[in-house]
Amino acid sequence: MHRVNRRMVLRGGAALAVSAGANVLHSRNSSPKGKAVVPAILDVHYHPTVPALVELMEGRRMLPDQAPFLAMMKRWNMEQALADMDAHGIAVAIQSVIPPTGLPEDPAAARTFVAAANEQATELMMKHPHRLGLFAALSMSRGDMSEEIAYIFDKMKADGIALLSHYGGKRIGDPFYEPTLAELDRRRAVVFVHPIMPPAIPAPMLNLSAFHTELPFEVTRSIGNLLFSGALARYPGIRFIFTHGGGAVPMLIGRWDQMARQLPQMQEKVPDGVKAAIRNVHFDLATVAVPTSYAALCEMTSPDRLLFGSDVPYIPLELSVGGFRSLTLSAVERGAIAHGNANILFPRFKFF
């Protein structure tokens with residue numbers, strides 16, 4: 001396994017120790033006269049463009065609609081990213097390196113990519129410990145990823161784990177991954193679940209990109225898989241964050257709950273019902289910080305389970321932050337979603 005070198009780990013550990021005792025200040029942005037100051041934001045859905053990711057995406061068979069997204073990746077750079085964060089009130093961003101088309105199929109190649117991506121993202125975090133956190137990736141090349149998990153938390157000092165919606169078609173609630181989920185549960189890990197293209201990509205319809213149509217449904221499939229495999233019930237210690245407001249789950253939760261109550265084989269996997277299970281997980285607001293989507297999400301869960309997410313570099317910060325600011329929220333709700341709820345999950349970043 002490609003390792004972060006010892007000097008880097010020690011330097012990073014010292015920087016993070018300093019960061020743990022520091023307070024991240026409110027946004028420097030001046031608010032319009034007479035309006036309340038918008039609280040500083042902790043962004044849980046932030047994708048840096050590290051060299052390993054560009055190399056992987058350039059070396060893969062291009063999807064018909066992949067080119068614009070690759071161009072967005074290549075425009076990202078750390079200097080401009082920090083300036084944009086300052087301009088839009090993002091105090092901290094938790095990084096996740098996500099290949100939209102998934103990991104290499106060869107297990108050794110997947111491990112090599114994940115190790116390189118984690119190292120490069122860790123280097124960014126070490127250079128900017130007050131501004132960046134990390135959801136480190138797992139290769140999921142074996143059923144028991146305890147060794148990689150130990151390295152990520154004990155050596156790299158990552159803030160959590162980023163899991164993909166599937167690995168070569170195998171969903172993370174599959175019995176194959178039981179030892180991995182058990183270890184994440186034991187550690188009470190924060191696990192950020194992010195969609196990638198489905199195993200079989202349908203032909204484009206109505207001129208809609210697969211990136212726009214399939215990724216929200218991959219979030220939906222991930223939640224359904226974890227629910228009805230029984231993984232959410234078996235591993236309550238894992239603190240899951242699902243992206244994009246849960247995809248289509250706000251529209252399906254009633255149907256799922258009815259089915260779980262009617263069918264014994266589903267009921268045993270979700271013993272307290274779907275609605276109760278969903279209220280125990282977290283969701284980010286990436287691409288759903290609009291009134292209609294937010295209203296549906298709040299019918300399913302409560303503001304204390306919601307987190308700000310931007311989806312940089314695919315969504316400009318002015319759009320994601322602007323959408324969040326446009327929501328009709330109380331001051332308490334806005335502060336909770338901006339950073340209060342995240343402080344519970346990531347206590348090393350402390351806000352006033």
# chains A, B, ... in the order shown; residues from 1 in each chain; ligands from 1
call {"tool": "select_by_dssp", "arguments": {"residues": "segment 75-264 of chain A", "states": "alpha helix (DSSP H)", "output": "number ranges by chain"}}
result
A: 75, 78-87, 107-127, 146-150, 178-186, 210-228, 231-234, 249-262, 264
call {"tool": "residues_around", "arguments": {"residues": "Phe324 of chain A", "least_positions_apart": "2", "cutoff": "9 Å", "atoms": "only C-alpha atoms", "output": "ChimeraX atom specification"}}
result
/A:285,288-290,308,319-322,326-328,334,338
call {"tool": "write_last_selection", "arguments": {"atoms": "all heavy atoms", "output": "compact mmCIF listing (two decimals), in the first residue's frame"}}
result
# COMPACT_ATOMS: atom_id res chain seq x y z
N LEU A 285 -27.10 19.19 1.68
CA LEU A 285 -28.01 19.96 0.84
C LEU A 285 -27.45 20.23 -0.55
O LEU A 285 -28.00 21.08 -1.27
CB LEU A 285 -28.35 21.30 1.52
CG LEU A 285 -29.12 21.23 2.84
CD1 LEU A 285 -29.50 22.64 3.29
CD2 LEU A 285 -30.36 20.37 2.73
N VAL A 288 -29.82 20.57 -3.55
CA VAL A 288 -31.22 20.55 -3.13
C VAL A 288 -31.56 21.72 -2.21
O VAL A 288 -32.60 21.71 -1.54
CB VAL A 288 -31.61 19.21 -2.45
CG1 VAL A 288 -31.48 18.07 -3.44
CG2 VAL A 288 -30.80 18.96 -1.20
N ALA A 289 -30.70 22.74 -2.16
CA ALA A 289 -30.99 23.92 -1.34
C ALA A 289 -31.90 24.87 -2.12
O ALA A 289 -31.57 26.01 -2.42
CB ALA A 289 -29.70 24.62 -0.93
N VAL A 290 -33.06 24.35 -2.47
CA VAL A 290 -34.11 25.12 -3.13
C VAL A 290 -35.40 24.84 -2.36
O VAL A 290 -35.56 23.75 -1.79
CB VAL A 290 -34.25 24.76 -4.63
CG1 VAL A 290 -33.00 25.14 -5.40
CG2 VAL A 290 -34.54 23.28 -4.79
N PHE A 308 -24.63 21.49 5.34
CA PHE A 308 -24.38 22.22 4.09
C PHE A 308 -23.42 21.41 3.22
O PHE A 308 -22.42 20.87 3.70
CB PHE A 308 -23.78 23.59 4.37
CG PHE A 308 -23.45 24.34 3.11
CD1 PHE A 308 -24.41 25.10 2.48
CD2 PHE A 308 -22.19 24.23 2.52
CE1 PHE A 308 -24.13 25.76 1.28
CE2 PHE A 308 -21.89 24.88 1.33
CZ PHE A 308 -22.87 25.65 0.72
N LEU A 319 -23.68 29.54 -6.36
CA LEU A 319 -24.99 28.91 -6.51
C LEU A 319 -25.39 28.13 -5.27
O LEU A 319 -26.52 28.23 -4.79
CB LEU A 319 -24.99 27.99 -7.74
CG LEU A 319 -24.85 28.66 -9.10
CD1 LEU A 319 -24.94 27.61 -10.21
CD2 LEU A 319 -25.93 29.72 -9.31
N SER A 320 -24.48 27.33 -4.74
CA SER A 320 -24.84 26.52 -3.58
C SER A 320 -25.04 27.38 -2.34
O SER A 320 -26.01 27.18 -1.58
CB SER A 320 -23.77 25.45 -3.32
OG SER A 320 -22.48 26.02 -3.21
N VAL A 321 -24.17 28.37 -2.12
CA VAL A 321 -24.34 29.25 -0.96
C VAL A 321 -25.55 30.14 -1.16
O VAL A 321 -26.33 30.37 -0.23
CB VAL A 321 -23.06 30.08 -0.71
CG1 VAL A 321 -23.30 31.10 0.40
CG2 VAL A 321 -21.90 29.17 -0.33
N GLY A 322 -25.73 30.63 -2.39
CA GLY A 322 -26.89 31.46 -2.67
C GLY A 322 -28.19 30.72 -2.45
O GLY A 322 -29.15 31.28 -1.90
N SER A 326 -31.10 31.53 0.38
CA SER A 326 -32.45 31.86 -0.08
C SER A 326 -33.54 31.09 0.67
O SER A 326 -34.71 31.45 0.59
CB SER A 326 -32.58 31.57 -1.58
OG SER A 326 -32.64 30.17 -1.82
N LEU A 327 -33.15 30.04 1.40
CA LEU A 327 -34.14 29.25 2.13
C LEU A 327 -34.70 30.05 3.30
O LEU A 327 -33.99 30.79 3.97
CB LEU A 327 -33.50 27.96 2.66
CG LEU A 327 -32.99 26.96 1.62
CD1 LEU A 327 -32.28 25.80 2.32
CD2 LEU A 327 -34.11 26.45 0.73
N THR A 328 -35.97 29.88 3.55
CA THR A 328 -36.61 30.54 4.69
C THR A 328 -36.36 29.69 5.93
O THR A 328 -36.99 28.64 6.12
CB THR A 328 -38.12 30.70 4.44
OG1 THR A 328 -38.32 31.47 3.25
CG2 THR A 328 -38.78 31.40 5.61
N ARG A 334 -30.62 27.96 10.56
CA ARG A 334 -29.55 28.33 9.63
C ARG A 334 -28.18 28.05 10.25
O ARG A 334 -27.28 27.50 9.60
CB ARG A 334 -29.67 29.80 9.22
CG ARG A 334 -28.78 30.15 8.03
CD ARG A 334 -29.05 31.55 7.51
NE ARG A 334 -30.43 31.74 7.10
CZ ARG A 334 -30.91 31.34 5.92
NH1 ARG A 334 -30.13 30.72 5.05
NH2 ARG A 334 -32.17 31.55 5.61
N ALA A 338 -25.55 25.36 8.83
CA ALA A 338 -24.28 25.93 8.38
C ALA A 338 -23.09 25.28 9.08
O ALA A 338 -22.09 24.96 8.44
CB ALA A 338 -24.27 27.44 8.64
call {"tool": "closest_residue", "arguments": {"among": "A:His212, A:His128, A:His194, A:Lys269", "to": "Gly246 of chain A", "atoms": "only C-alpha atoms"}}
result
A:His194
call {"tool": "closest_residue", "arguments": {"among": "A:Val281, A:Leu208, A:Val190, A:Leu181", "to": "Arg234 of chain A", "atoms": "only C-alpha atoms"}}
result
A:Leu181
call {"tool": "residues_around", "arguments": {"residues": "Val92 of chain A", "least_positions_apart": "3", "cutoff": "6 Å", "atoms": "only C-alpha atoms", "output": "PyMOL selection string"}}
result
chain A and resi 42+131-132
call {"tool": "write_last_selection", "arguments": {"atoms": "N, CA, C and O atoms", "output": "compact mmCIF listing (two decimals), in the first residue's frame"}}
result
# COMPACT_ATOMS: atom_id res chain seq x y z
N LEU A 42 -19.53 25.16 7.34
CA LEU A 42 -18.70 23.97 7.18
C LEU A 42 -19.31 23.15 6.05
O LEU A 42 -20.45 22.69 6.15
N ARG A 131 -8.62 24.94 7.44
CA ARG A 131 -9.62 25.14 6.39
C ARG A 131 -10.12 23.85 5.76
O ARG A 131 -11.21 23.84 5.18
N LEU A 132 -9.32 22.78 5.84
CA LEU A 132 -9.67 21.55 5.13
C LEU A 132 -9.71 20.36 6.07
O LEU A 132 -8.86 20.20 6.95
call {"tool": "atom_distance", "arguments": {"atom1": "atom CA of Pro175 of chain A", "atom2": "atom CA of Val193 of chain A"}}
result
17.5 Å
call {"tool": "residues_around", "arguments": {"residues": "Ser96 of chain A", "least_positions_apart": "3", "cutoff": "10 Å", "atoms": "only C-alpha atoms", "output": "number ranges by chain"}}
result
A: 44-49, 93, 99, 117-118, 121, 133-137, 160-163, 192, 194, 311
call {"tool": "residues_around", "arguments": {"residues": "segment 164-166 of chain A", "least_positions_apart": "5", "cutoff": "12 Å", "atoms": "only C-alpha atoms", "output": "PDB file with N, CA and C atoms, in the first residue's frame"}}
result
ATOM      1  N   SER A  96     -13.401  15.180  -0.314  1.00  0.00           N
ATOM      2  CA  SER A  96     -13.598  13.787  -0.719  1.00  0.00           C
ATOM      3  C   SER A  96     -13.208  13.689  -2.187  1.00  0.00           C
ATOM      4  N   VAL A  97     -12.315  12.761  -2.480  1.00  0.00           N
ATOM      5  CA  VAL A  97     -11.870  12.552  -3.863  1.00  0.00           C
ATOM      6  C   VAL A  97     -12.735  11.454  -4.461  1.00  0.00           C
ATOM      7  N   ILE A  98     -13.611  11.844  -5.383  1.00  0.00           N
ATOM      8  CA  ILE A  98     -14.603  10.914  -5.929  1.00  0.00           C
ATOM      9  C   ILE A  98     -14.435  10.793  -7.443  1.00  0.00           C
ATOM     10  N   PRO A  99     -14.063   9.617  -7.958  1.00  0.00           N
ATOM     11  CA  PRO A  99     -14.073   9.411  -9.411  1.00  0.00           C
ATOM     12  C   PRO A  99     -15.507   9.121  -9.857  1.00  0.00           C
ATOM     13  N   PRO A 100     -16.120  10.000 -10.647  1.00  0.00           N
ATOM     14  CA  PRO A 100     -17.541   9.838 -10.979  1.00  0.00           C
ATOM     15  C   PRO A 100     -17.889   8.517 -11.649  1.00  0.00           C
ATOM     16  N   THR A 101     -16.922   7.908 -12.320  1.00  0.00           N
ATOM     17  CA  THR A 101     -17.188   6.640 -12.993  1.00  0.00           C
ATOM     18  C   THR A 101     -16.708   5.443 -12.178  1.00  0.00           C
ATOM     19  N   GLY A 102     -16.288   5.676 -10.932  1.00  0.00           N
ATOM     20  CA  GLY A 102     -15.913   4.582 -10.049  1.00  0.00           C
ATOM     21  C   GLY A 102     -14.430   4.267 -10.056  1.00  0.00           C
ATOM     22  N   LEU A 103     -14.043   3.332  -9.194  1.00  0.00           N
ATOM     23  CA  LEU A 103     -12.650   2.924  -9.077  1.00  0.00           C
ATOM     24  C   LEU A 103     -12.259   1.979 -10.209  1.00  0.00           C
ATOM     25  N   GLU A 105     -11.367  -1.382 -12.039  1.00  0.00           N
ATOM     26  CA  GLU A 105     -11.929  -2.713 -11.770  1.00  0.00           C
ATOM     27  C   GLU A 105     -10.905  -3.653 -11.140  1.00  0.00           C
ATOM     28  N   PHE A 135     -12.527  13.280   4.130  1.00  0.00           N
ATOM     29  CA  PHE A 135     -13.146  11.963   4.072  1.00  0.00           C
ATOM     30  C   PHE A 135     -12.216  11.113   3.206  1.00  0.00           C
ATOM     31  N   ALA A 136     -11.489  10.216   3.815  1.00  0.00           N
ATOM     32  CA  ALA A 136     -10.550   9.388   3.064  1.00  0.00           C
ATOM     33  C   ALA A 136     -11.293   8.253   2.373  1.00  0.00           C
ATOM     34  N   ALA A 137     -10.750   7.830   1.233  1.00  0.00           N
ATOM     35  CA  ALA A 137     -11.375   6.773   0.446  1.00  0.00           C
ATOM     36  C   ALA A 137     -10.896   5.397   0.898  1.00  0.00           C
ATOM     37  N   LEU A 138     -11.737   4.397   0.668  1.00  0.00           N
ATOM     38  CA  LEU A 138     -11.373   2.999   0.831  1.00  0.00           C
ATOM     39  C   LEU A 138     -11.420   2.333  -0.543  1.00  0.00           C
ATOM     40  N   SER A 139     -10.524   1.387  -0.771  1.00  0.00           N
ATOM     41  CA  SER A 139     -10.545   0.690  -2.059  1.00  0.00           C
ATOM     42  C   SER A 139     -11.671  -0.341  -2.112  1.00  0.00           C
ATOM     43  N   MET A 140     -12.119  -0.817  -0.969  1.00  0.00           N
ATOM     44  CA  MET A 140     -13.168  -1.854  -0.887  1.00  0.00           C
ATOM     45  C   MET A 140     -12.818  -3.061  -1.771  1.00  0.00           C
ATOM     46  N   SER A 141     -11.527  -3.340  -1.872  1.00  0.00           N
ATOM     47  CA  SER A 141     -11.058  -4.456  -2.696  1.00  0.00           C
ATOM     48  C   SER A 141     -11.163  -5.789  -1.976  1.00  0.00           C
ATOM     49  N   ARG A 171     -23.006  -3.386  -3.867  1.00  0.00           N
ATOM     50  CA  ARG A 171     -23.455  -2.313  -2.971  1.00  0.00           C
ATOM     51  C   ARG A 171     -22.831  -2.467  -1.591  1.00  0.00           C
ATOM     52  N   ILE A 172     -22.705  -1.346  -0.872  1.00  0.00           N
ATOM     53  CA  ILE A 172     -21.968  -1.378   0.392  1.00  0.00           C
ATOM     54  C   ILE A 172     -22.718  -2.108   1.498  1.00  0.00           C
ATOM     55  N   GLY A 173     -24.026  -2.347   1.324  1.00  0.00           N
ATOM     56  CA  GLY A 173     -24.762  -3.158   2.278  1.00  0.00           C
ATOM     57  C   GLY A 173     -24.670  -4.649   1.988  1.00  0.00           C
ATOM     58  N   ASP A 174     -23.912  -5.035   0.967  1.00  0.00           N
ATOM     59  CA  ASP A 174     -23.762  -6.444   0.606  1.00  0.00           C
ATOM     60  C   ASP A 174     -23.096  -7.208   1.757  1.00  0.00           C
ATOM     61  N   TYR A 177     -19.310  -7.083   2.590  1.00  0.00           N
ATOM     62  CA  TYR A 177     -18.653  -5.991   3.304  1.00  0.00           C
ATOM     63  C   TYR A 177     -19.001  -5.941   4.793  1.00  0.00           C
ATOM     64  N   VAL A 191     -19.340   8.369   7.953  1.00  0.00           N
ATOM     65  CA  VAL A 191     -19.216   7.771   6.617  1.00  0.00           C
ATOM     66  C   VAL A 191     -20.053   8.578   5.635  1.00  0.00           C
ATOM     67  N   PHE A 192     -19.371   9.153   4.673  1.00  0.00           N
ATOM     68  CA  PHE A 192     -19.966   9.999   3.639  1.00  0.00           C
ATOM     69  C   PHE A 192     -20.199   9.134   2.411  1.00  0.00           C
ATOM     70  N   VAL A 193     -21.454   8.923   2.042  1.00  0.00           N
ATOM     71  CA  VAL A 193     -21.788   8.038   0.916  1.00  0.00           C
ATOM     72  C   VAL A 193     -22.097   8.881  -0.308  1.00  0.00           C
ATOM     73  N   HIS A 194     -21.304   8.679  -1.358  1.00  0.00           N
ATOM     74  CA  HIS A 194     -21.395   9.518  -2.558  1.00  0.00           C
ATOM     75  C   HIS A 194     -21.715   8.666  -3.784  1.00  0.00           C
ATOM     76  N   PRO A 195     -22.570   9.153  -4.683  1.00  0.00           N
ATOM     77  CA  PRO A 195     -22.926   8.361  -5.862  1.00  0.00           C
ATOM     78  C   PRO A 195     -21.859   8.382  -6.946  1.00  0.00           C
ATOM     79  N   ILE A 196     -21.831   7.296  -7.703  1.00  0.00           N
ATOM     80  CA  ILE A 196     -21.073   7.241  -8.959  1.00  0.00           C
ATOM     81  C   ILE A 196     -22.014   6.682 -10.022  1.00  0.00           C
ATOM     82  N   MET A 197     -21.552   6.647 -11.252  1.00  0.00           N
ATOM     83  CA  MET A 197     -22.381   6.107 -12.325  1.00  0.00           C
ATOM     84  C   MET A 197     -22.817   4.673 -11.991  1.00  0.00           C
ATOM     85  N   PRO A 198     -24.054   4.305 -12.319  1.00  0.00           N
ATOM     86  CA  PRO A 198     -24.515   2.951 -12.012  1.00  0.00           C
ATOM     87  C   PRO A 198     -23.762   1.909 -12.817  1.00  0.00           C
ATOM     88  N   PRO A 199     -23.826   0.640 -12.396  1.00  0.00           N
ATOM     89  CA  PRO A 199     -23.097  -0.412 -13.117  1.00  0.00           C
ATOM     90  C   PRO A 199     -23.464  -0.481 -14.592  1.00  0.00           C
ATOM     91  N   ALA A 200     -24.728  -0.285 -14.919  1.00  0.00           N
ATOM     92  CA  ALA A 200     -25.178  -0.249 -16.316  1.00  0.00           C
ATOM     93  C   ALA A 200     -25.756   1.135 -16.574  1.00  0.00           C
ATOM     94  N   GLU A 214     -28.747  10.029 -13.340  1.00  0.00           N
ATOM     95  CA  GLU A 214     -28.441   8.771 -12.658  1.00  0.00           C
ATOM     96  C   GLU A 214     -27.847   8.961 -11.268  1.00  0.00           C
ATOM     97  N   LEU A 215     -27.052  10.007 -11.057  1.00  0.00           N
ATOM     98  CA  LEU A 215     -26.395  10.151  -9.754  1.00  0.00           C
ATOM     99  C   LEU A 215     -27.395  10.317  -8.608  1.00  0.00           C
ATOM    100  N   PRO A 216     -28.460  11.127  -8.755  1.00  0.00           N
ATOM    101  CA  PRO A 216     -29.435  11.183  -7.650  1.00  0.00           C
ATOM    102  C   PRO A 216     -30.075   9.830  -7.355  1.00  0.00           C
ATOM    103  N   PHE A 217     -30.275   9.020  -8.402  1.00  0.00           N
ATOM    104  CA  PHE A 217     -30.873   7.707  -8.168  1.00  0.00           C
ATOM    105  C   PHE A 217     -29.875   6.730  -7.556  1.00  0.00           C
ATOM    106  N   GLU A 218     -28.583   6.974  -7.775  1.00  0.00           N
ATOM    107  CA  GLU A 218     -27.579   6.157  -7.091  1.00  0.00           C
ATOM    108  C   GLU A 218     -27.591   6.434  -5.588  1.00  0.00           C
ATOM    109  N   VAL A 219     -27.828   7.688  -5.188  1.00  0.00           N
ATOM    110  CA  VAL A 219     -27.999   7.987  -3.754  1.00  0.00           C
ATOM    111  C   VAL A 219     -29.192   7.194  -3.226  1.00  0.00           C
ATOM    112  N   THR A 220     -30.284   7.231  -3.968  1.00  0.00           N
ATOM    113  CA  THR A 220     -31.504   6.527  -3.580  1.00  0.00           C
ATOM    114  C   THR A 220     -31.246   5.032  -3.429  1.00  0.00           C
ATOM    115  N   ARG A 221     -30.554   4.440  -4.404  1.00  0.00           N
ATOM    116  CA  ARG A 221     -30.248   3.009  -4.348  1.00  0.00           C
ATOM    117  C   ARG A 221     -29.372   2.673  -3.142  1.00  0.00           C
ATOM    118  N   SER A 222     -28.420   3.549  -2.833  1.00  0.00           N
ATOM    119  CA  SER A 222     -27.542   3.306  -1.683  1.00  0.00           C
ATOM    120  C   SER A 222     -28.333   3.264  -0.387  1.00  0.00           C
ATOM    121  N   ILE A 223     -29.233   4.219  -0.209  1.00  0.00           N
ATOM    122  CA  ILE A 223     -30.030   4.263   1.016  1.00  0.00           C
ATOM    123  C   ILE A 223     -30.949   3.055   1.095  1.00  0.00           C
ATOM    124  N   GLY A 224     -31.604   2.719  -0.026  1.00  0.00           N
ATOM    125  CA  GLY A 224     -32.477   1.556  -0.040  1.00  0.00           C
ATOM    126  C   GLY A 224     -31.719   0.276   0.258  1.00  0.00           C
ATOM    127  N   ASN A 225     -30.516   0.148  -0.305  1.00  0.00           N
ATOM    128  CA  ASN A 225     -29.698  -1.045  -0.070  1.00  0.00           C
ATOM    129  C   ASN A 225     -29.312  -1.174   1.401  1.00  0.00           C
ATOM    130  N   LEU A 226     -28.891  -0.081   2.017  1.00  0.00           N
ATOM    131  CA  LEU A 226     -28.486  -0.137   3.423  1.00  0.00           C
ATOM    132  C   LEU A 226     -29.677  -0.372   4.340  1.00  0.00           C
ATOM    133  N   ILE A 241     -23.653  10.041   6.317  1.00  0.00           N
ATOM    134  CA  ILE A 241     -24.075  11.252   5.623  1.00  0.00           C
ATOM    135  C   ILE A 241     -24.371  10.851   4.187  1.00  0.00           C
ATOM    136  N   PHE A 242     -25.591  11.097   3.739  1.00  0.00           N
ATOM    137  CA  PHE A 242     -25.955  10.829   2.357  1.00  0.00           C
ATOM    138  C   PHE A 242     -26.056  12.151   1.604  1.00  0.00           C
ATOM    139  N   THR A 243     -25.567  12.151   0.383  1.00  0.00           N
ATOM    140  CA  THR A 243     -25.489  13.373  -0.402  1.00  0.00           C
ATOM    141  C   THR A 243     -26.830  13.716  -1.053  1.00  0.00           C
TER     142      THR A 243
END
call {"tool": "decode", "arguments": {"residues": "segment 192-230 of chain A", "atoms": "C-alpha atoms", "output": "PDB file, in the first residue's frame"}}
result
ATOM      1  CA  PHE A 192     -19.966   9.999   3.639  1.00  0.00           C
ATOM      2  CA  VAL A 193     -21.788   8.038   0.916  1.00  0.00           C
ATOM      3  CA  HIS A 194     -21.395   9.518  -2.558  1.00  0.00           C
ATOM      4  CA  PRO A 195     -22.926   8.361  -5.862  1.00  0.00           C
ATOM      5  CA  ILE A 196     -21.073   7.241  -8.959  1.00  0.00           C
ATOM      6  CA  MET A 197     -22.381   6.107 -12.325  1.00  0.00           C
ATOM      7  CA  PRO A 198     -24.515   2.951 -12.012  1.00  0.00           C
ATOM      8  CA  PRO A 199     -23.097  -0.412 -13.117  1.00  0.00           C
ATOM      9  CA  ALA A 200     -25.178  -0.249 -16.316  1.00  0.00           C
ATOM     10  CA  ILE A 201     -25.588   3.219 -17.769  1.00  0.00           C
ATOM     11  CA  PRO A 202     -28.791   3.588 -19.794  1.00  0.00           C
ATOM     12  CA  ALA A 203     -28.857   5.306 -23.154  1.00  0.00           C
ATOM     13  CA  PRO A 204     -29.311   9.096 -22.896  1.00  0.00           C
ATOM     14  CA  MET A 205     -32.957  10.119 -22.942  1.00  0.00           C
ATOM     15  CA  LEU A 206     -34.520  13.508 -23.616  1.00  0.00           C
ATOM     16  CA  ASN A 207     -31.042  15.003 -24.012  1.00  0.00           C
ATOM     17  CA  LEU A 208     -30.451  14.622 -20.258  1.00  0.00           C
ATOM     18  CA  SER A 209     -26.938  13.751 -19.095  1.00  0.00           C
ATOM     19  CA  ALA A 210     -26.453  10.555 -17.083  1.00  0.00           C
ATOM     20  CA  PHE A 211     -24.579  12.735 -14.597  1.00  0.00           C
ATOM     21  CA  HIS A 212     -27.760  14.743 -14.018  1.00  0.00           C
ATOM     22  CA  THR A 213     -30.224  11.855 -13.964  1.00  0.00           C
ATOM     23  CA  GLU A 214     -28.441   8.771 -12.658  1.00  0.00           C
ATOM     24  CA  LEU A 215     -26.395  10.151  -9.754  1.00  0.00           C
ATOM     25  CA  PRO A 216     -29.435  11.183  -7.650  1.00  0.00           C
ATOM     26  CA  PHE A 217     -30.873   7.707  -8.168  1.00  0.00           C
ATOM     27  CA  GLU A 218     -27.579   6.157  -7.091  1.00  0.00           C
ATOM     28  CA  VAL A 219     -27.999   7.987  -3.754  1.00  0.00           C
ATOM     29  CA  THR A 220     -31.504   6.527  -3.580  1.00  0.00           C
ATOM     30  CA  ARG A 221     -30.248   3.009  -4.348  1.00  0.00           C
ATOM     31  CA  SER A 222     -27.542   3.306  -1.683  1.00  0.00           C
ATOM     32  CA  ILE A 223     -30.030   4.263   1.016  1.00  0.00           C
ATOM     33  CA  GLY A 224     -32.477   1.556  -0.040  1.00  0.00           C
ATOM     34  CA  ASN A 225     -29.698  -1.045  -0.070  1.00  0.00           C
ATOM     35  CA  LEU A 226     -28.486  -0.137   3.423  1.00  0.00           C
ATOM     36  CA  LEU A 227     -32.039  -0.051   4.753  1.00  0.00           C
ATOM     37  CA  PHE A 228     -33.283  -3.321   3.313  1.00  0.00           C
ATOM     38  CA  SER A 229     -30.056  -5.249   3.772  1.00  0.00           C
ATOM     39  CA  GLY A 230     -30.530  -4.463   7.448  1.00  0.00           C
TER      40      GLY A 230
END
